[in-house]
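*Asks:* Okay, handing you the structure first.
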Amino acid sequence: MRRNILALGERSIQGDYGMVTAAGELAIEESTIKRLSAAGSVTISHSQIKKGKVAGSLLAEASDFQELKAFGSTEIHGICKGNLCSFAGAIAAELLECKVLHNSSGSKRSNLSNSNEWSGAFHAVTFESASALTLNFEYRFQNIISTEALHSDHEIECENFYSLSQLSAVAVNAEYIFLLNGESIRVDQVTGSHVKIKNSFRPDKKFKQIPKYGSYKGRNGKKSIALIHTIEADHIEIESTRAQLVCGEQVNIGDLCIIDRVEYRESIQISEKAVVNEVVKV
Amino acid sequence: MRREKIEGVGSIYGGEYESILVEGMGKLKGDAKVQTINIDGTFKSKGRIIAEKINIDGFARIYRDIKVKHLTLEGTLKLRRANVNAELVHSDGFLTSTKEISADEILIKGTCSVKKLTGDQIQINHQAPSGKNVIHGNWLIAPYFGRKVSTNRCLVDVIECTHLKANGLNAKIVRAGSVRLEDCRINRLYCDSEPKMLKNCKIKHIYYGVDKTELRQKEKNMENVTVKKILDMYKNNVINGDEAELMLKAAITSGSTQELSSQAEQSMGLPWEDDDKLHFVAFLGRKLLKKGEAGEHKLEVSYDGPAKNVECHGSLSCGDIMGNVSAGQSIECRDIGGNVSCGGNLSCKDIDGNVKYSGEISRKAGK
């Protein structure tokens, strides 16, 4: 029979538990826990947690989490797996594999955004970033959804990339790229199959199918112009973008675009509110 | 160190090896540091490889980065989302890559389809595949390799090198110090010296010997044309005043790669908020020097004028400060309206708040 535990102070547990509530120092080893709520320092090794909430410092080793929300500093040793993992604060992981990985900003009152330093290796179907982050760790994400400032010194690579806030990167390479024109978009090279840079975002069928943690409603961007050096894709649809070279098969240049050179293969549409200095059919 | 040999079907979990020999079907599951890798059968790598020598006679599919001194290819190598960093790459077989291959010397004699080639000396001599390297089923090739593949030409998106010698190359952009081309199709060729083109070359745009001032002048001219077009649109009521202002601001931004990068770094990389404080800092190249870092100790900033709050990572010399002041080293100023935190000596007039200092404190004469 599953037991419930309320632990205060220093405690180590091992076995099968229903609900574990702890404050202080808690060590969990080779256990199965249905629900864990802990504040303080928590060490979990070779265990399975169905639903976990940890505030403080978490050290996890070779464990599985159905749902994990961690606030504070997190360290992951070995390979940890999860379905939904949300972290607010610093995290260092040897390897974390999960379906949805969420970079949380914490509660509205807490100001953890400056300490969101991620390091190590992360694999996920979807990575959601709801807090300012620099992508300077090893990752393998199928989908990236960023609603806060995202910075990368390297190429950002995935299948579907949605940036709904600030973005600064050397390059973005994805099958589908959506950039919402917001406070600041600065990218050297955008390469993909479909590239959209728009002033408003409405979740489409493709976006709705992506597994995710947050709920996303339509939103409008701010009045600004995205600065991108080169855009290369099969289908390009852009608004309010300053680019030196746009190269694609089907190109749609929308309002307030300033493009030095457009190379297209099949079709091109240019808004009367756009400035294009050179158009070439390849 | 271990020696790993796969003759049938097997997996390698990663680690340090003296040699890996795959004669059947092998898979590398983790990162590996190896002296020599020989592949005669089929090989799939999901781990990062650091090696002295890699010889591929069979068929290899690589999904993580490779760092190798000598890479020799006589079979087929498919690199998907993996960079290659090498000293020498010698390919007589069939090579595809969706990312970058960089090496001091790259010698391609077979067929290739690569996104980016970077190196000092690059020699491409296309030869149609024969024997075991022939791949059938054209409609399947592009989705499988992640790139278009041609048996008639070597396809490369971007080449950047000092010396390029190519025959049977199809490239989008080539940037090189010197080039010697034969039977090549290139969209844009940037070359420091006059390119040597032997026969049957089609180059859409050639830019050679263009000095930087000329390029800057071209950019300036382009900028002027753009500004004129925006103003015309505004005059013709196509766009309103706000839109014109926004477009003009963007048009003046040159949009060059380096400028974009530095602007991006400046807007995103600074470790403080837009807090209305006057920050005195020093950059070493693009790196921001912080408190206590080597080379920062001689930083001295002088500012003449009133300021709200001041934060300085070196010595500070300024006039009145209405708010708080914090400096890593000494402070010399007039009146301070708030608190003071000082890593060295402090010399000022009146202070309204609290004082924290490490050196000596002296009060300046006068009102």
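Just so we're on the same page: first chain in the structure tokens is A, next is B, and so on; residues restart at 1 for each chain, and ligands are numbered from 1 in the order they show up.
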With a distance cut-off of 8 Å and only C-alpha atoms, select the neighbouring residues of range 104-121 of chain B, excluding the residue or stretch itself and same-chain residues fewer than 3 positions from it, and output the selection as a ChimeraX atom specification.
*Replies:* /B:86-101,124-129,147-151,153-164
*Asks:* Can you tell me which residues surround Arg261 in chain A at a distance of at most 10 Å, considering only C-alpha atoms, apart from same-chain residues fewer than 6 positions away, and format the answer as JSON, numbers by chain?
*Replies:* {"A": [230, 243, 244, 245, 246, 247, 276, 277, 278, 279, 280]}
*Asks:* Just write the chosen residues, C-alpha atoms, as a PDB file, in the first residue's frame.
*Replies:*
```
ATOM      1  CA  THR A 230      20.038  36.691 -46.005  1.00  0.00           C
ATOM      2  CA  ALA A 243      17.308  42.135 -45.765  1.00  0.00           C
ATOM      3  CA  GLN A 244      20.148  42.281 -48.218  1.00  0.00           C
ATOM      4  CA  LEU A 245      19.280  39.093 -50.063  1.00  0.00           C
ATOM      5  CA  VAL A 246      16.040  37.148 -50.275  1.00  0.00           C
ATOM      6  CA  CYS A 247      16.263  33.982 -52.307  1.00  0.00           C
ATOM      7  CA  VAL A 276      13.061  46.222 -53.451  1.00  0.00           C
ATOM      8  CA  ASN A 277      16.161  47.435 -55.251  1.00  0.00           C
ATOM      9  CA  GLU A 278      16.839  44.440 -57.500  1.00  0.00           C
ATOM     10  CA  VAL A 279      14.650  41.548 -58.618  1.00  0.00           C
ATOM     11  CA  VAL A 280      16.174  38.603 -60.478  1.00  0.00           C
TER      12      VAL A 280
END
```
*Asks:* Choose the residue, out of B:Lys364, B:Lys172, B:Lys356, B:Arg3, that has the smallest atom-to-atom separation from chain A; count only C-alpha atoms.
*Replies:*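 Under the stated criterion, the closest residue is B:Lys172.
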*Asks:* Counting only C-alpha atoms, what is within 9 Å of range 13-24 of chain A, bar same-chain residues fewer than 6 positions away, as an MDAnalysis selection string?
*Replies:* chainID A and resid 1:7 30:42 47
*Asks:* Would you mind listing what lies within 7 Å of Glu18 in chain B as a PyMOL selection string, with only C-alpha atoms counted and same-chain residues fewer than 4 positions away left out?
*Replies:* chain B and resi 1-3+34-36
*Asks:* Now that the selection is made, can you save its residues with all heavy atoms as a PDB file, in the first residue's frame?
*Replies:*
```pdb
ATOM      1  N   MET B   1      44.474   0.767 -24.203  1.00  0.00           N
ATOM      2  CA  MET B   1      43.233   1.156 -24.878  1.00  0.00           C
ATOM      3  C   MET B   1      42.650  -0.022 -25.663  1.00  0.00           C
ATOM      4  O   MET B   1      43.374  -0.889 -26.111  1.00  0.00           O
ATOM      5  CB  MET B   1      43.517   2.319 -25.811  1.00  0.00           C
ATOM      6  CG  MET B   1      43.459   3.669 -25.087  1.00  0.00           C
ATOM      7  SD  MET B   1      43.246   5.021 -26.223  1.00  0.00           S
ATOM      8  CE  MET B   1      44.867   5.093 -26.956  1.00  0.00           C
ATOM      9  N   ARG B   2      41.338   0.032 -25.816  1.00  0.00           N
ATOM     10  CA  ARG B   2      40.648  -1.102 -26.433  1.00  0.00           C
ATOM     11  C   ARG B   2      40.703  -1.044 -27.971  1.00  0.00           C
ATOM     12  O   ARG B   2      40.821   0.030 -28.545  1.00  0.00           O
ATOM     13  CB  ARG B   2      39.179  -1.075 -26.011  1.00  0.00           C
ATOM     14  CG  ARG B   2      38.954  -1.384 -24.573  1.00  0.00           C
ATOM     15  CD  ARG B   2      37.516  -1.133 -24.208  1.00  0.00           C
ATOM     16  NE  ARG B   2      37.193   0.280 -24.205  1.00  0.00           N
ATOM     17  CZ  ARG B   2      35.980   0.764 -24.050  1.00  0.00           C
ATOM     18  NH1 ARG B   2      34.963  -0.063 -23.909  1.00  0.00           N
ATOM     19  NH2 ARG B   2      35.734   2.058 -24.055  1.00  0.00           N
ATOM     20  N   ARG B   3      40.595  -2.214 -28.515  1.00  0.00           N
ATOM     21  CA  ARG B   3      40.434  -2.308 -29.975  1.00  0.00           C
ATOM     22  C   ARG B   3      39.068  -2.921 -30.224  1.00  0.00           C
ATOM     23  O   ARG B   3      38.735  -3.952 -29.637  1.00  0.00           O
ATOM     24  CB  ARG B   3      41.489  -3.207 -30.598  1.00  0.00           C
ATOM     25  CG  ARG B   3      42.842  -2.573 -30.624  1.00  0.00           C
ATOM     26  CD  ARG B   3      43.811  -3.508 -31.260  1.00  0.00           C
ATOM     27  NE  ARG B   3      45.150  -2.970 -31.217  1.00  0.00           N
ATOM     28  CZ  ARG B   3      46.186  -3.560 -31.780  1.00  0.00           C
ATOM     29  NH1 ARG B   3      46.026  -4.710 -32.408  1.00  0.00           N
ATOM     30  NH2 ARG B   3      47.375  -3.036 -31.705  1.00  0.00           N
ATOM     31  N   VAL B  34      39.137   8.043 -30.767  1.00  0.00           N
ATOM     32  CA  VAL B  34      39.747   6.876 -31.413  1.00  0.00           C
ATOM     33  C   VAL B  34      41.003   7.298 -32.174  1.00  0.00           C
ATOM     34  O   VAL B  34      41.085   8.422 -32.674  1.00  0.00           O
ATOM     35  CB  VAL B  34      38.764   6.251 -32.441  1.00  0.00           C
ATOM     36  CG1 VAL B  34      39.181   4.844 -32.789  1.00  0.00           C
ATOM     37  CG2 VAL B  34      37.351   6.262 -31.948  1.00  0.00           C
ATOM     38  N   GLN B  35      41.973   6.361 -32.214  1.00  0.00           N
ATOM     39  CA  GLN B  35      43.152   6.632 -33.049  1.00  0.00           C
ATOM     40  C   GLN B  35      42.796   6.446 -34.525  1.00  0.00           C
ATOM     41  O   GLN B  35      42.977   7.337 -35.321  1.00  0.00           O
ATOM     42  CB  GLN B  35      44.279   5.650 -32.678  1.00  0.00           C
ATOM     43  CG  GLN B  35      44.785   5.790 -31.262  1.00  0.00           C
ATOM     44  CD  GLN B  35      45.921   6.789 -31.157  1.00  0.00           C
ATOM     45  OE1 GLN B  35      46.421   7.239 -32.170  1.00  0.00           O
ATOM     46  NE2 GLN B  35      46.286   7.137 -29.945  1.00  0.00           N
ATOM     47  N   THR B  36      42.287   5.251 -34.847  1.00  0.00           N
ATOM     48  CA  THR B  36      41.977   4.947 -36.246  1.00  0.00           C
ATOM     49  C   THR B  36      40.605   4.302 -36.372  1.00  0.00           C
ATOM     50  O   THR B  36      40.264   3.403 -35.599  1.00  0.00           O
ATOM     51  CB  THR B  36      43.011   3.953 -36.817  1.00  0.00           C
ATOM     52  OG1 THR B  36      44.294   4.358 -36.386  1.00  0.00           O
ATOM     53  CG2 THR B  36      42.980   3.902 -38.324  1.00  0.00           C
TER      54      THR B  36
END
```
*Asks:* Provide the CA of Ser45 in chain A to CA of Gly9 in chain A distance in Å, to one decimal place.
*Replies:*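 It comes out at 19.1 Å.
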*Asks:* Could you jot down the CA of Leu180 in chain A to CA of Gly146 in chain B separation for me, Å, one decimal place?
*Replies:* 27.5 Å
*Asks:* Could the residues of chain A within 8 Å of chain B, counting only C-alpha atoms, be given as an MDAnalysis selection string, please?
*Replies:* chainID A and resid 149 151 168:170 186:188 224:225 227:229 242:244 256:258 260 272:273 275 277
*Asks:* Taking the DSSP secondary structure from the backbone, can you list the residues of range 10-239 of chain A that are alpha helix (DSSP H), as a compact mmCIF listing (two decimals) with all heavy atoms, in the first residue's frame?
*Replies:*
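Saved file out.txt follows:
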```
# COMPACT_ATOMS: atom_id res chain seq x y z
N LYS A 205 -2.87 25.24 -37.81
CA LYS A 205 -3.04 23.81 -37.54
C LYS A 205 -1.69 23.15 -37.21
O LYS A 205 -1.59 22.34 -36.30
CB LYS A 205 -3.64 23.16 -38.80
CG LYS A 205 -4.31 21.84 -38.52
CD LYS A 205 -4.92 21.30 -39.81
CE LYS A 205 -5.30 19.86 -39.65
NZ LYS A 205 -5.73 19.25 -40.90
N LYS A 206 -0.69 23.56 -37.93
CA LYS A 206 0.65 23.00 -37.73
C LYS A 206 1.16 23.30 -36.31
O LYS A 206 1.70 22.43 -35.63
CB LYS A 206 1.59 23.63 -38.77
CG LYS A 206 2.93 22.96 -38.90
CD LYS A 206 3.74 23.70 -39.95
CE LYS A 206 5.11 23.11 -40.12
NZ LYS A 206 5.14 21.83 -40.79
N PHE A 207 0.92 24.53 -35.88
CA PHE A 207 1.38 24.93 -34.55
C PHE A 207 0.59 24.20 -33.46
O PHE A 207 1.14 23.79 -32.45
CB PHE A 207 1.21 26.45 -34.40
CG PHE A 207 1.72 26.98 -33.09
CD1 PHE A 207 3.08 27.18 -32.89
CD2 PHE A 207 0.86 27.28 -32.06
CE1 PHE A 207 3.56 27.66 -31.69
CE2 PHE A 207 1.33 27.77 -30.84
CZ PHE A 207 2.68 27.96 -30.66
N LYS A 208 -0.71 24.06 -33.70
CA LYS A 208 -1.57 23.40 -32.70
C LYS A 208 -1.18 21.94 -32.50
O LYS A 208 -1.41 21.36 -31.45
CB LYS A 208 -3.04 23.51 -33.11
CG LYS A 208 -3.61 24.90 -32.84
CD LYS A 208 -5.01 25.02 -33.38
CE LYS A 208 -5.51 26.46 -33.23
NZ LYS A 208 -6.72 26.70 -33.99
```
*Asks:* Excluding Asn55 in chain B and its own-chain neighbours fewer than 3 positions away, which residues fall within 6 Å of it when counting only C-alpha atoms? Please give them as a ChimeraX atom specification.
*Replies:* /B:38,72-73
*Asks:* How far is it from CA of Thr42 in chain B to CA of Pro143 in chain B, in Å with one decimal?
*Replies:*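 Interatomic distance here is 19.5 Å.
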*Asks:* So, with only C-alpha atoms as the atoms that count, which of B:Asp31, B:Glu23, B:Glu245, B:Glu311 lies closest to Gly58 in chain B?
*Replies:*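 Looking at the shortest contact to Gly58 in chain B, the residue is B:Glu23.
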*Asks:* Tell me which of A:Ser86, A:Val195, A:Glu97, A:Asn173 sits closest to Ser131 in chain A, counting only C-alpha atoms.
*Replies:*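 Smallest distance to Ser131 in chain A is found for A:Ser86.
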*Asks:* I'd like to know which of A:Glu232, A:Glu117, A:Glu148, A:Asp64 is closest to Val172 in chain A, using only C-alpha atoms.
*Replies:*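 Comparing A:Glu232, A:Glu117, A:Glu148, A:Asp64 against Val172 in chain A, the winner is A:Glu232.
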